[in-house]
Amino acid sequence: MFARLLARFERLSGCRIACRTERDWCTFAVTSPEFGASQALVIDPESGAFLAIIGAWVEVAGPGPASPERLLRRCLREPLTSVVRDIEGAFFLVFGDPRTHGVAMATDIVGSLHVFVRDVPGGLAICTSARALAALGAGALDPVAAQEFWASGIIFEDRSLWQGVRKLGPGRIVTIDAQMKRSEKRYWSFEEVNGNTLSLKEASARLGDALVSAATRIARAYPNILADVTGGYDSRAAISGFVGAGIRFCATVSGPSTSADVIVSKRIGETLKIPHYHVEIEVERRAAVAEDALALTDGEYELFEYARIAATHRGHARRGLSASVNGSFGELARGYWWELLFPWLGAIRPLDATRLSRKRFAAIPYDTGAIEEKARLDFRDHMSEVVARSVALLAGKPNTTQMDHAYLDLRMQRWHGRISSSTLHIWPCFSPFMFRSVLMPILDAVPLARWRSLLVRRLLADRVPVLANLPLEHGYPATTARLTNIHRFAPVAAHYFKRIRDKIAGGHSPSVAAGSDLTLLEELSLRDPASWMLAAHTIFATERLPHYVEQAAREGLSLAGRRLLTIELAVRSVSQSAQMSDNPAAGK
């Protein structure tokens, strides 16, 4: 079974196996990213115990760079709970203990590095590719997950696109003993958060110290850092730790040269006197591009949107840089989605799951007619139930803490986590704001400290005034408002108008000629709607497929059409992989 899984993983992901270890009770293999150091697999020569850790991670303490050997020594003498609480970043750790013939696994606190499991005859298969696990069986689509992706571009909770393939949750330790008994526990959860306890001054001081510490530890492990620097708050706050620690880094921004994001980013680079790379990439919609993106995303992210991200990161990695840093999760410091709680901000009251579903997760209409009626969900009601389950254990917490958890657990774990997991195939990427040491002072701050980005503005004003006084992409400065500078905040109204407009408009949609998309479908042998393998599944309505093919010919694939194509290519790849493995001659 392991040989089949390994062969299918290599075929579907295009990754090479860097190292592996085999025991009579388990086998484990680790791949390397395209750029950067190999992922770590270390073995204790005396006991035969092994530890594998993949992702982009650092240790909370310890001399020198992060050390998997040190982690293995600790695992042999300490509970895994205490070991993993000293690791930060996006990671998945596996400890194989020959003393018990057991295996213990741990996910990062956000679940950003996606890892999937599937029961197989005689054991449990674990893999970062849900498609590889799906190819071990029937490869049937999960009807709920497929509709979630179709409606929102995100798959929620522990679902994957495939029936029987589930995602490991965040902050988990999963143990499998010699009798194949599986147990699971949390080593970190939002129940540790004590919202409403830190004042603005206290939260700003602790957050500033935590960001400096995070930057220092990242740079110790990856000395040649590239940081995303945009025109917003989050990337500016993320680099404040590097500036505060005196660590030199390079900056980058993507987009048209005339955009406010790019203009502000270049100005920050000039002010800090650091190397700055402006990237403006559009990718061709060709079969090879789609298949490459599919290998990286596992079919859980719209392919051509991620193809741009992949091309950008590969370009930076070729410059000889060692890792990427971004400001994702920084929006938590600014009370993201808290406007839905007004005027009961910070109150001990249940989160309105229905309102959150309708205003955020299910706010944008989609083609419900593309789903067979017998399989069709009421997506708003469905997401209300998902939100309610997410915050069920936090009923006694402030509604701001519940909202933070819903945002982190439902959006960032799966949406950002999919981007992060895909990019980790290319090279290491970090967000300091997903470090527990950085998150906690944010989550513990009193609500008014985070309202209207006050915490970040105070942080920048106190720690890096030069960044605080530079304008954001919206024209007003990132510092706190005072009587002496209140005139500089006049563009605020225009900013909020743009936010509303952007929410209505939805995600980025690369411009492309309709003929190019038609050529794409022809390259993929999908010009004839009858050739789509989705027609064999009972979720999508086959009579709607001609509409999307015709739309590609007239005006290019819409976002919905690209999502449908993503699922189609994922289904086809799983089917082809299973056929090739069952009939090796088919692959020759």
# chains A, B, ... in the order shown; residues from 1 in each chain; ligands from 1
>>> residues_around(residues="segment 566-578 of chain A", least_positions_apart="5", cutoff="8 Å", atoms="only C-alpha atoms", output="list in words")
Arg8, Arg11, Leu12, Arg131, Ala132, Ala134, Ala135, Leu136, Gly139, Leu141, Ala146, Glu291, Leu294, Asp298, Gly299, Glu300, Tyr301, Glu302, Leu303, Trp532, Met533 and Leu534 of chain A
>>> write_last_selection(atoms="C-alpha atoms", output="compact mmCIF listing (two decimals), in the first residue's frame")
# COMPACT_ATOMS: atom_id res chain seq x y z
CA ARG A 8 0.90 8.13 -6.91
CA ARG A 11 3.23 11.18 -10.13
CA LEU A 12 0.54 13.63 -9.02
CA ARG A 131 -5.42 13.47 -4.49
CA ALA A 132 -2.78 10.79 -3.85
CA ALA A 134 -8.04 9.56 -3.27
CA ALA A 135 -6.23 7.58 -5.98
CA LEU A 136 -5.88 4.66 -3.53
CA GLY A 139 -11.69 8.70 -6.10
CA LEU A 141 -15.91 13.54 -5.03
CA ALA A 146 -17.18 20.10 -4.06
CA GLU A 291 -1.31 20.89 -14.73
CA LEU A 294 -2.79 21.35 -10.04
CA ASP A 298 -4.08 19.51 -5.11
CA GLY A 299 -7.09 20.98 -6.92
CA GLU A 300 -8.19 23.07 -3.91
CA TYR A 301 -7.32 26.49 -5.36
CA GLU A 302 -8.32 28.04 -8.66
CA LEU A 303 -5.49 27.00 -10.94
CA TRP A 532 -15.70 16.04 -19.07
CA MET A 533 -15.29 13.37 -16.38
CA LEU A 534 -17.50 15.41 -14.04
>>> residues_around(residues="Ser421 of chain A", least_positions_apart="4", cutoff="7 Å", atoms="only C-alpha atoms", output="VMD selection string")
chain A and resid 112 to 114 417
>>> write_last_selection(atoms="C-alpha atoms", output="tab-separated table (two decimals), in the first residue's frame")
chain	number	residue	atom	x	y	z
A	112	SER	CA	-1.77	25.95	7.69
A	113	LEU	CA	0.23	23.02	6.37
A	114	HIS	CA	-2.46	20.78	4.93
A	417	GLY	CA	-3.33	27.42	4.28
>>> closest_atom_pairs(of="segment 112-214 of chain A", to="segment 237-250 of chain A", cutoff="7 Å", atoms="only C-alpha atoms", output="CSV")
residue,atom,partner,partner_atom,distance
A:Gly208,CA,A:Gly241,CA,6.9
A:Leu211,CA,A:Gly241,CA,4.6
A:Val212,CA,A:Gly241,CA,3.9
>>> write_last_selection(atoms="C-alpha atoms", output="PDB file, in the first residue's frame")
ATOM      1  CA  GLY A 208       6.352  44.575  19.167  1.00  0.00           C
ATOM      2  CA  LEU A 211       7.574  40.415  16.171  1.00  0.00           C
ATOM      3  CA  VAL A 212      11.240  41.254  16.817  1.00  0.00           C
TER       4      VAL A 212
END
>>> residues_around(residues="Leu76 of chain A", least_positions_apart="5", cutoff="12 Å", atoms="only C-alpha atoms", output="PyMOL selection string")
chain A and resi 43-44+46-51+69-71+82-83+95-100+104
>>> closest_residue(among="A:Ala388, A:Pro33, A:Val60, A:Leu460", to="Ala215 of chain A", atoms="only C-alpha atoms")
A:Val60
>>> select_by_dssp(residues="segment 257-398 of chain A", states="alpha helix (DSSP H)", output="PyMOL selection string")
chain A and resi 260-272+287-297+303-317+353-356+379-390
>>> write_last_selection(atoms="C-alpha atoms", output="PDB file, in the first residue's frame")
ATOM      1  CA  ALA A 260      -1.110  52.462  -5.235  1.00  0.00           C
ATOM      2  CA  ASP A 261       0.176  49.224  -3.702  1.00  0.00           C
ATOM      3  CA  VAL A 262       3.259  49.246  -5.907  1.00  0.00           C
ATOM      4  CA  ILE A 263       3.907  52.984  -5.570  1.00  0.00           C
ATOM      5  CA  VAL A 264       3.775  52.824  -1.758  1.00  0.00           C
ATOM      6  CA  SER A 265       5.876  49.660  -1.631  1.00  0.00           C
ATOM      7  CA  LYS A 266       8.622  51.237  -3.738  1.00  0.00           C
ATOM      8  CA  ARG A 267       8.607  54.263  -1.485  1.00  0.00           C
ATOM      9  CA  ILE A 268       9.044  52.046   1.582  1.00  0.00           C
ATOM     10  CA  GLY A 269      11.960  50.282  -0.109  1.00  0.00           C
ATOM     11  CA  GLU A 270      13.607  53.622  -0.898  1.00  0.00           C
ATOM     12  CA  THR A 271      13.033  54.920   2.636  1.00  0.00           C
ATOM     13  CA  LEU A 272      14.523  51.806   4.257  1.00  0.00           C
ATOM     14  CA  ALA A 287      -2.592  23.042 -20.347  1.00  0.00           C
ATOM     15  CA  ALA A 288       0.962  22.787 -18.967  1.00  0.00           C
ATOM     16  CA  VAL A 289       0.368  25.770 -16.666  1.00  0.00           C
ATOM     17  CA  ALA A 290      -2.894  24.278 -15.367  1.00  0.00           C
ATOM     18  CA  GLU A 291      -1.310  20.886 -14.732  1.00  0.00           C
ATOM     19  CA  ASP A 292       1.652  22.434 -12.900  1.00  0.00           C
ATOM     20  CA  ALA A 293      -0.673  24.453 -10.651  1.00  0.00           C
ATOM     21  CA  LEU A 294      -2.786  21.346 -10.042  1.00  0.00           C
ATOM     22  CA  ALA A 295       0.286  19.477  -8.795  1.00  0.00           C
ATOM     23  CA  LEU A 296       0.970  22.271  -6.301  1.00  0.00           C
ATOM     24  CA  THR A 297      -2.577  23.020  -5.143  1.00  0.00           C
ATOM     25  CA  LEU A 303      -5.489  26.995 -10.941  1.00  0.00           C
ATOM     26  CA  PHE A 304      -4.607  30.104 -12.906  1.00  0.00           C
ATOM     27  CA  GLU A 305      -4.822  32.379  -9.892  1.00  0.00           C
ATOM     28  CA  TYR A 306      -2.283  30.160  -8.128  1.00  0.00           C
ATOM     29  CA  ALA A 307      -0.163  29.853 -11.285  1.00  0.00           C
ATOM     30  CA  ARG A 308       0.602  33.588 -10.958  1.00  0.00           C
ATOM     31  CA  ILE A 309       1.596  33.103  -7.325  1.00  0.00           C
ATOM     32  CA  ALA A 310       3.818  30.130  -8.218  1.00  0.00           C
ATOM     33  CA  ALA A 311       5.530  32.007 -11.048  1.00  0.00           C
ATOM     34  CA  THR A 312       6.219  34.929  -8.718  1.00  0.00           C
ATOM     35  CA  HIS A 313       7.742  32.773  -5.974  1.00  0.00           C
ATOM     36  CA  ARG A 314       9.836  30.723  -8.374  1.00  0.00           C
ATOM     37  CA  GLY A 315      11.233  33.926  -9.824  1.00  0.00           C
ATOM     38  CA  HIS A 316      12.227  35.170  -6.377  1.00  0.00           C
ATOM     39  CA  ALA A 317      13.715  31.817  -5.352  1.00  0.00           C
ATOM     40  CA  ALA A 353     -23.578  32.436  12.783  1.00  0.00           C
ATOM     41  CA  THR A 354     -26.359  33.185  10.311  1.00  0.00           C
ATOM     42  CA  ARG A 355     -25.278  36.785   9.853  1.00  0.00           C
ATOM     43  CA  LEU A 356     -21.613  35.828   9.428  1.00  0.00           C
ATOM     44  CA  PHE A 379     -25.094  27.249   1.030  1.00  0.00           C
ATOM     45  CA  ARG A 380     -26.064  30.028   3.426  1.00  0.00           C
ATOM     46  CA  ASP A 381     -27.713  27.600   5.835  1.00  0.00           C
ATOM     47  CA  HIS A 382     -24.836  25.191   5.429  1.00  0.00           C
ATOM     48  CA  MET A 383     -22.247  27.820   6.298  1.00  0.00           C
ATOM     49  CA  SER A 384     -24.320  28.969   9.270  1.00  0.00           C
ATOM     50  CA  GLU A 385     -24.063  25.438  10.630  1.00  0.00           C
ATOM     51  CA  VAL A 386     -20.321  25.331   9.886  1.00  0.00           C
ATOM     52  CA  VAL A 387     -19.769  28.601  11.772  1.00  0.00           C
ATOM     53  CA  ALA A 388     -21.869  27.407  14.709  1.00  0.00           C
ATOM     54  CA  ARG A 389     -19.807  24.218  14.979  1.00  0.00           C
ATOM     55  CA  SER A 390     -16.568  26.201  14.786  1.00  0.00           C
TER      56      SER A 390
END
>>> closest_residue(among="A:Arg186, A:Arg286, A:Arg73, A:Lys273", to="Glu523 of chain A", atoms="only C-alpha atoms")
A:Arg286
>>> decode(residues="segment 305-452 of chain A", atoms="C-alpha atoms", output="short mmCIF file (atom, residue, chain, number, x, y, z; two decimals), in the first residue's frame")
data_model
loop_
_atom_site.label_atom_id
_atom_site.label_comp_id
_atom_site.auth_asym_id
_atom_site.auth_seq_id
_atom_site.Cartn_x
_atom_site.Cartn_y
_atom_site.Cartn_z
CA GLU A 305 -4.82 32.38 -9.89
CA TYR A 306 -2.28 30.16 -8.13
CA ALA A 307 -0.16 29.85 -11.28
CA ARG A 308 0.60 33.59 -10.96
CA ILE A 309 1.60 33.10 -7.32
CA ALA A 310 3.82 30.13 -8.22
CA ALA A 311 5.53 32.01 -11.05
CA THR A 312 6.22 34.93 -8.72
CA HIS A 313 7.74 32.77 -5.97
CA ARG A 314 9.84 30.72 -8.37
CA GLY A 315 11.23 33.93 -9.82
CA HIS A 316 12.23 35.17 -6.38
CA ALA A 317 13.72 31.82 -5.35
CA ARG A 318 15.96 31.90 -8.44
CA ARG A 319 17.46 35.16 -7.16
CA GLY A 320 19.18 33.17 -4.43
CA LEU A 321 16.88 34.33 -1.65
CA SER A 322 16.21 31.80 1.11
CA ALA A 323 12.61 32.31 2.28
CA SER A 324 9.53 34.49 1.87
CA VAL A 325 7.77 36.44 4.63
CA ASN A 326 4.28 37.92 4.37
CA GLY A 327 1.77 39.72 6.58
CA SER A 328 -1.08 37.19 6.36
CA PHE A 329 -3.09 36.86 9.59
CA GLY A 330 -2.10 40.45 10.42
CA GLU A 331 -5.70 41.49 9.80
CA LEU A 332 -6.56 39.83 13.12
CA ALA A 333 -4.70 42.67 14.81
CA ARG A 334 -7.15 45.03 13.13
CA GLY A 335 -10.38 43.37 14.26
CA TYR A 336 -11.22 41.80 10.92
CA TRP A 337 -14.97 41.26 10.38
CA TRP A 338 -15.68 42.93 13.73
CA GLU A 339 -17.99 45.42 12.04
CA LEU A 340 -20.55 42.60 12.09
CA LEU A 341 -20.47 42.68 15.91
CA PHE A 342 -21.20 46.37 16.35
CA PRO A 343 -22.52 47.73 18.73
CA TRP A 344 -21.92 44.74 21.06
CA LEU A 345 -18.18 44.65 20.53
CA GLY A 346 -16.51 42.36 23.10
CA ALA A 347 -19.76 41.29 24.74
CA ILE A 348 -20.19 37.80 26.18
CA ARG A 349 -22.89 36.72 23.78
CA PRO A 350 -23.26 34.07 21.05
CA LEU A 351 -21.79 34.83 17.66
CA ASP A 352 -24.52 35.33 15.07
CA ALA A 353 -23.58 32.44 12.78
CA THR A 354 -26.36 33.19 10.31
CA ARG A 355 -25.28 36.79 9.85
CA LEU A 356 -21.61 35.83 9.43
CA SER A 357 -22.58 33.23 6.84
CA ARG A 358 -24.72 35.64 4.83
CA LYS A 359 -22.36 38.61 5.03
CA ARG A 360 -19.04 36.85 4.46
CA PHE A 361 -18.92 33.16 3.57
CA ALA A 362 -22.03 33.01 1.39
CA ALA A 363 -22.27 36.65 0.35
CA ILE A 364 -21.58 36.19 -3.38
CA PRO A 365 -24.19 34.45 -5.58
CA TYR A 366 -23.18 31.43 -7.63
CA ASP A 367 -24.75 29.17 -10.23
CA THR A 368 -26.84 26.81 -8.10
CA GLY A 369 -28.28 25.31 -11.28
CA ALA A 370 -24.91 23.70 -11.94
CA ILE A 371 -25.54 21.39 -8.96
CA GLU A 372 -27.90 18.43 -9.28
CA GLU A 373 -31.01 19.17 -7.27
CA LYS A 374 -30.77 16.03 -5.14
CA ALA A 375 -27.22 16.97 -4.08
CA ARG A 376 -27.78 20.74 -3.77
CA LEU A 377 -27.06 22.53 -0.50
CA ASP A 378 -28.57 25.75 0.73
CA PHE A 379 -25.09 27.25 1.03
CA ARG A 380 -26.06 30.03 3.43
CA ASP A 381 -27.71 27.60 5.84
CA HIS A 382 -24.84 25.19 5.43
CA MET A 383 -22.25 27.82 6.30
CA SER A 384 -24.32 28.97 9.27
CA GLU A 385 -24.06 25.44 10.63
CA VAL A 386 -20.32 25.33 9.89
CA VAL A 387 -19.77 28.60 11.77
CA ALA A 388 -21.87 27.41 14.71
CA ARG A 389 -19.81 24.22 14.98
CA SER A 390 -16.57 26.20 14.79
CA VAL A 391 -17.38 28.39 17.79
CA ALA A 392 -19.44 25.91 19.81
CA LEU A 393 -16.83 25.53 22.57
CA LEU A 394 -16.31 29.30 22.91
CA ALA A 395 -19.80 30.31 24.08
CA GLY A 396 -18.42 31.81 27.29
CA LYS A 397 -15.82 33.91 25.47
CA PRO A 398 -16.28 37.48 24.14
CA ASN A 399 -17.94 37.62 20.73
CA THR A 400 -14.73 39.18 19.39
CA THR A 401 -12.81 36.04 20.36
CA GLN A 402 -15.45 33.89 18.70
CA MET A 403 -15.20 35.98 15.52
CA ASP A 404 -11.40 35.72 15.55
CA HIS A 405 -11.68 31.96 15.83
CA ALA A 406 -14.22 31.69 13.01
CA TYR A 407 -11.96 33.80 10.78
CA LEU A 408 -8.83 31.85 11.64
CA ASP A 409 -10.42 28.40 11.65
CA LEU A 410 -12.69 28.67 8.63
CA ARG A 411 -11.05 31.17 6.30
CA MET A 412 -7.34 31.34 7.03
CA GLN A 413 -6.78 27.65 7.84
CA ARG A 414 -8.17 26.51 4.49
CA TRP A 415 -7.79 29.51 2.11
CA HIS A 416 -4.43 30.89 3.23
CA GLY A 417 -3.33 27.42 4.28
CA ARG A 418 -3.89 26.16 0.75
CA ILE A 419 -1.68 28.95 -0.65
CA SER A 420 0.95 28.31 2.02
CA SER A 421 0.92 24.53 1.57
CA SER A 422 1.26 24.93 -2.20
CA THR A 423 4.08 27.46 -1.96
CA LEU A 424 6.00 25.27 0.49
CA HIS A 425 6.50 22.88 -2.45
CA ILE A 426 8.53 25.71 -4.01
CA TRP A 427 10.41 27.21 -1.05
CA PRO A 428 9.94 28.20 2.63
CA CYS A 429 7.33 30.87 3.37
CA PHE A 430 6.43 32.41 6.73
CA SER A 431 3.82 34.64 8.25
CA PRO A 432 5.03 35.91 11.65
CA PHE A 433 1.41 36.58 12.63
CA MET A 434 0.63 32.87 12.72
CA PHE A 435 3.29 32.35 15.41
CA ARG A 436 1.59 31.66 18.75
CA SER A 437 3.90 34.16 20.47
CA VAL A 438 2.69 36.87 18.07
CA LEU A 439 -0.97 35.86 17.97
CA MET A 440 -1.53 35.80 21.73
CA PRO A 441 -0.96 39.51 22.51
CA ILE A 442 -3.24 40.33 19.58
CA LEU A 443 -6.03 38.00 20.70
CA ASP A 444 -5.74 39.05 24.36
CA ALA A 445 -6.01 42.79 23.67
CA VAL A 446 -9.11 44.68 24.74
CA PRO A 447 -11.47 45.10 21.76
CA LEU A 448 -11.09 48.87 21.48
CA ALA A 449 -7.32 48.41 21.10
CA ARG A 450 -7.89 46.56 17.83
CA TRP A 451 -10.86 48.53 16.51
CA ARG A 452 -10.05 50.50 13.35
#
